[in-house]
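To be precise, the following lines are protein-v7.txt, and they hold compact mmCIF, C-alpha atoms.
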# COMPACT_ATOMS: atom_id res chain seq x y z
CA MET Y 15 62.15 83.70 87.95
CA ARG Y 16 63.32 82.15 84.66
CA SER Y 17 61.19 84.56 82.65
CA LEU Y 18 62.77 87.48 84.55
CA LYS Y 19 66.25 86.21 83.66
CA LEU Y 20 65.27 85.79 80.01
CA ALA Y 21 63.78 89.28 79.95
CA ALA Y 22 66.97 90.72 81.46
CA VAL Y 23 69.13 88.94 78.86
CA ALA Y 24 66.86 90.13 76.04
CA ALA Y 25 66.99 93.72 77.32
CA LEU Y 26 70.78 93.54 77.52
CA CYS Y 27 70.99 92.25 73.94
CA VAL Y 28 68.74 95.07 72.70
CA THR Y 29 70.83 97.63 74.57
CA VAL Y 30 74.11 96.29 73.19
CA SER Y 31 72.71 96.17 69.66
CA ALA Y 32 71.38 99.71 69.93
CA CYS Y 33 74.79 100.98 71.01
CA SER Y 34 76.63 99.72 67.94
CA LYS Y 35 76.67 101.69 64.67
CA ASP Y 36 75.43 98.77 62.57
CA GLY Y 37 72.68 97.61 64.89
CA GLY Y 38 74.76 94.76 66.28
CA SER Y 39 75.15 92.82 63.03
CA SER Y 40 78.93 92.86 63.21
CA SER Y 41 81.08 91.79 66.14
CA GLN Y 42 84.33 93.05 64.63
CA ALA Y 43 85.92 96.41 65.34
CA PRO Y 44 86.53 98.72 62.37
CA ALA Y 45 89.67 97.84 60.43
CA ASP Y 46 91.29 101.15 61.34
CA ALA Y 47 90.63 100.76 65.10
CA PRO Y 48 93.88 100.36 67.07
CA THR Y 49 94.23 97.16 69.00
CA PRO Y 50 95.71 97.50 72.45
CA ALA Y 51 99.05 95.74 72.66
CA ALA Y 52 99.11 93.12 75.37
CA ALA Y 53 102.28 93.07 77.39
CA PRO Y 54 104.12 89.83 76.79
CA ALA Y 55 104.11 87.46 79.73
CA PRO Y 56 107.46 87.35 81.53
CA THR Y 57 109.62 84.39 80.70
CA ASP Y 58 110.82 81.97 83.36
CA ALA Y 59 114.27 83.55 83.09
CA GLU Y 60 112.80 87.01 83.70
CA LYS Y 61 110.86 85.72 86.71
CA THR Y 62 114.03 84.09 88.07
CA ALA Y 63 115.91 87.38 87.66
CA ALA Y 64 113.07 89.31 89.33
CA LEU Y 65 113.09 86.83 92.23
CA ALA Y 66 116.87 87.20 92.67
CA ALA Y 67 116.47 91.00 92.87
CA LEU Y 68 114.00 90.80 95.77
CA PRO Y 69 115.11 91.66 99.29
CA ALA Y 70 115.92 88.78 101.65
CA PRO Y 71 114.25 86.46 102.54
CA TYR Y 72 111.91 86.82 99.54
CA ASN Y 73 114.76 86.31 97.07
CA THR Y 74 114.85 82.68 98.28
CA GLY Y 75 111.12 82.17 97.68
CA ASP Y 76 109.74 79.23 95.78
CA LEU Y 77 107.54 80.81 93.08
CA SER Y 78 105.79 77.53 92.35
CA ASN Y 79 104.76 77.13 95.99
CA GLY Y 80 103.82 80.82 96.11
CA GLN Y 81 101.56 80.36 93.10
CA SER Y 82 100.04 77.32 94.79
CA LYS Y 83 99.39 79.33 97.97
CA PHE Y 84 97.86 82.15 95.91
CA ALA Y 85 95.15 79.66 94.94
CA LEU Y 86 93.78 80.33 98.45
CA CYS Y 87 93.45 84.04 97.53
CA ARG Y 88 92.27 83.72 93.92
CA SER Y 89 88.55 83.51 94.72
CA CYS Y 90 88.69 87.07 96.12
CA HIS Y 91 91.69 88.75 94.44
CA THR Y 92 93.14 89.19 90.96
CA ILE Y 93 96.78 90.12 90.35
CA THR Y 94 96.92 91.17 86.71
CA GLU Y 95 97.56 94.77 85.75
CA GLY Y 96 94.18 96.44 85.24
CA GLY Y 97 92.43 93.32 86.54
CA PRO Y 98 89.06 93.60 88.24
CA ASP Y 99 88.35 93.94 91.91
CA LEU Y 100 86.43 90.97 93.22
CA THR Y 101 85.35 90.54 96.84
CA GLY Y 102 88.82 91.87 97.58
CA PRO Y 103 90.80 94.46 95.61
CA ASN Y 104 93.03 93.68 92.66
CA LEU Y 105 96.55 93.31 94.08
CA TYR Y 106 98.58 94.53 91.10
CA GLY Y 107 100.76 97.36 92.41
CA VAL Y 108 99.92 96.62 96.05
CA PHE Y 109 103.53 97.03 97.23
CA GLY Y 110 104.06 100.71 97.92
CA ARG Y 111 100.33 101.47 97.95
CA LYS Y 112 98.71 103.04 101.00
CA ALA Y 113 96.48 100.55 102.83
CA GLY Y 114 92.92 101.26 101.77
CA GLY Y 115 94.17 103.37 98.92
CA LYS Y 116 93.16 101.52 95.75
CA GLU Y 117 90.81 103.83 93.94
CA GLY Y 118 87.36 102.41 93.28
CA TYR Y 119 87.43 99.71 95.93
CA SER Y 120 85.26 99.96 99.05
CA TYR Y 121 87.45 99.03 102.03
CA SER Y 122 86.43 98.44 105.61
CA ASP Y 123 86.90 101.38 107.96
CA ALA Y 124 89.75 99.48 109.64
CA VAL Y 125 91.78 99.21 106.41
CA THR Y 126 90.99 102.77 105.35
CA ALA Y 127 92.25 104.07 108.72
CA ALA Y 128 95.31 101.77 108.87
CA GLY Y 129 97.79 104.53 108.02
CA PHE Y 130 100.58 102.42 106.53
CA VAL Y 131 101.92 101.57 103.10
CA TRP Y 132 101.93 97.93 102.02
CA ASP Y 133 105.34 96.33 102.03
CA ALA Y 134 106.47 92.74 102.47
CA GLY Y 135 106.63 93.01 106.27
CA GLN Y 136 103.10 94.41 106.61
CA LEU Y 137 101.77 91.82 104.16
CA ASP Y 138 103.49 89.04 106.11
CA LYS Y 139 101.72 90.11 109.32
CA TRP Y 140 98.42 90.44 107.45
CA LEU Y 141 98.72 87.00 105.84
CA ALA Y 142 99.63 85.33 109.14
CA ASP Y 143 96.43 86.52 110.84
CA PRO Y 144 94.35 89.15 109.02
CA ARG Y 145 91.78 89.71 111.77
CA GLY Y 146 94.36 89.68 114.55
CA PHE Y 147 96.61 92.08 112.65
CA MET Y 148 93.75 94.41 111.80
CA PRO Y 149 90.59 93.94 113.85
CA GLY Y 150 87.54 95.15 111.96
CA THR Y 151 88.71 94.08 108.50
CA LYS Y 152 86.02 92.58 106.31
CA MET Y 153 88.48 89.95 105.05
CA THR Y 154 87.30 86.56 106.27
CA PHE Y 155 90.47 84.63 105.34
CA ALA Y 156 91.89 82.72 108.32
CA GLY Y 157 95.52 83.30 107.35
CA ILE Y 158 98.58 81.26 106.39
CA LYS Y 159 100.39 79.92 109.43
CA GLY Y 160 103.58 78.60 107.81
CA GLU Y 161 106.34 81.23 107.59
CA LYS Y 162 107.93 79.60 104.51
CA ASP Y 163 104.55 79.51 102.74
CA ARG Y 164 104.08 83.25 103.46
CA ILE Y 165 107.58 84.01 102.16
CA ASP Y 166 106.86 82.05 98.99
CA LEU Y 167 103.47 83.72 98.51
CA ILE Y 168 104.88 87.21 99.06
CA ALA Y 169 107.77 86.49 96.65
CA TYR Y 170 105.24 85.28 94.06
CA LEU Y 171 103.11 88.40 94.55
CA MET Y 172 106.17 90.65 94.27
CA VAL Y 173 107.19 89.03 90.98
CA GLU Y 174 103.65 88.96 89.56
CA THR Y 175 102.30 92.36 90.65
CA GLY Y 176 104.86 94.82 89.35
CA TYR Y 177 107.00 95.20 92.48
CA LYS Y 178 110.05 97.35 91.87
CA PRO Y 179 112.86 97.32 94.47
CA GLN Y 180 113.57 100.78 95.87
CA ALA Y 181 116.72 102.41 94.55
CA LYS Y 182 119.47 102.61 97.14
Target format structure tokens, applied to this file:
Amino acid sequence: MRSLKLAAVAALCVTVSACSKDGGSSSQAPADAPTPAAAPAPTDAEKTAALAALPAPYNTGDLSNGQSKFALCRSCHTITEGGPDLTGPNLYGVFGRKAGGKEGYSYSDAVTAAGFVWDAGQLDKWLADPRGFMPGTKMTFAGIKGEKDRIDLIAYLMVETGYKPQAK
């Protein structure tokens, strides 16, 4: 088994080296290659302003507690823009997205057929009891029973995943 792993690593190294112009001897990009600009992380003041702009009751959320509750989700979901799908889909941009609609992710038939768009209310029901809310989902998470914890988690997700309040 170990020799198979070593062979796989060696093959990968050969493949990567063969794909570079200089045979893999340089790990730096050409000097004229543009570097993608990383978006600066929001400041605490910007997060506080984003929280205040959320609809009630999420505008009263505790972002620190929400971040703590997201630790329960982190093993299956990422929330950064362009982040990878894990066991569950990346959640960046989830609010306003059709259930089962993230391109490239393989959803259960139940989620694909759900027929709704994710909003805070739908997510609250989902987080309270995923399998009760949507029988047939492949999500094995038991849910978050405390209403305040769900409010805090949803507020955190809204602030961290690009939620934009609808214009009135």
### Query
Rounded to one decimal in Å, what is the spacing between CA of Ser120 in chain Y and CA of Pro98 in chain Y?
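Rounded to one decimal, the two atoms are 13.1 Å apart.
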### Query
Between CA of Asp166 in chain Y and CA of Thr154 in chain Y, what is the distance, to one decimal in Å?
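About the pair CA of Asp166 in chain Y and CA of Thr154 in chain Y: they are 21.4 Å apart.
Minimum distance to Tyr72 in chain Y across Y:Ala134, Y:Ile158, Y:Met153, Y:Ala128 (counting all atoms listed in the file) occurs at Y:Ala134.
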### Query
Interatomic distance between CA of Asp58 in chain Y and CA of Gly80 in chain Y?
14.6 Å
### Query
Near Cys87 in chain Y, counting all atoms listed in the file, which residues have an atom at most 12 Å away, once you skip same-chain residues fewer than 2 positions from it, shown as a ChimeraX atom specification?
/Y:80-85,89-93,100-105,141,153-158,167-168,171
### Task
Tell me which of Y:Tyr119, Y:Pro71, Y:Lys112, Y:Leu65 sits closest to Trp132 in chain Y, counting only C-alpha atoms.
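Looking at the shortest contact to Trp132 in chain Y, the residue is Y:Lys112.
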### Task
Mind listing whatever residues come within 7 Å of the point (84.8, 95.9, 111.0)? Use all atoms listed in the file, file coordinates, and give them as number ranges by chain.
Y: 122-124, 149-152
Okay, now the selection with C-alpha atoms, as a CSV table (one decimal), in the coordinates of the input?
chain,number,residue,atom,x,y,z
Y,122,SER,CA,86.4,98.4,105.6
Y,123,ASP,CA,86.9,101.4,108.0
Y,124,ALA,CA,89.8,99.5,109.6
Y,149,PRO,CA,90.6,93.9,113.8
Y,150,GLY,CA,87.5,95.2,112.0
Y,151,THR,CA,88.7,94.1,108.5
Y,152,LYS,CA,86.0,92.6,106.3
### Message
Let me make sure I understand: among Y:Gly146, Y:Glu117, Y:Ala169, Y:Asn79, which one has the smallest atom-to-atom distance to Asp133 in chain Y if we use all atoms listed in the file?
### Response
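Nearest candidate to Asp133 in chain Y out of Y:Gly146, Y:Glu117, Y:Ala169, Y:Asn79: Y:Ala169.
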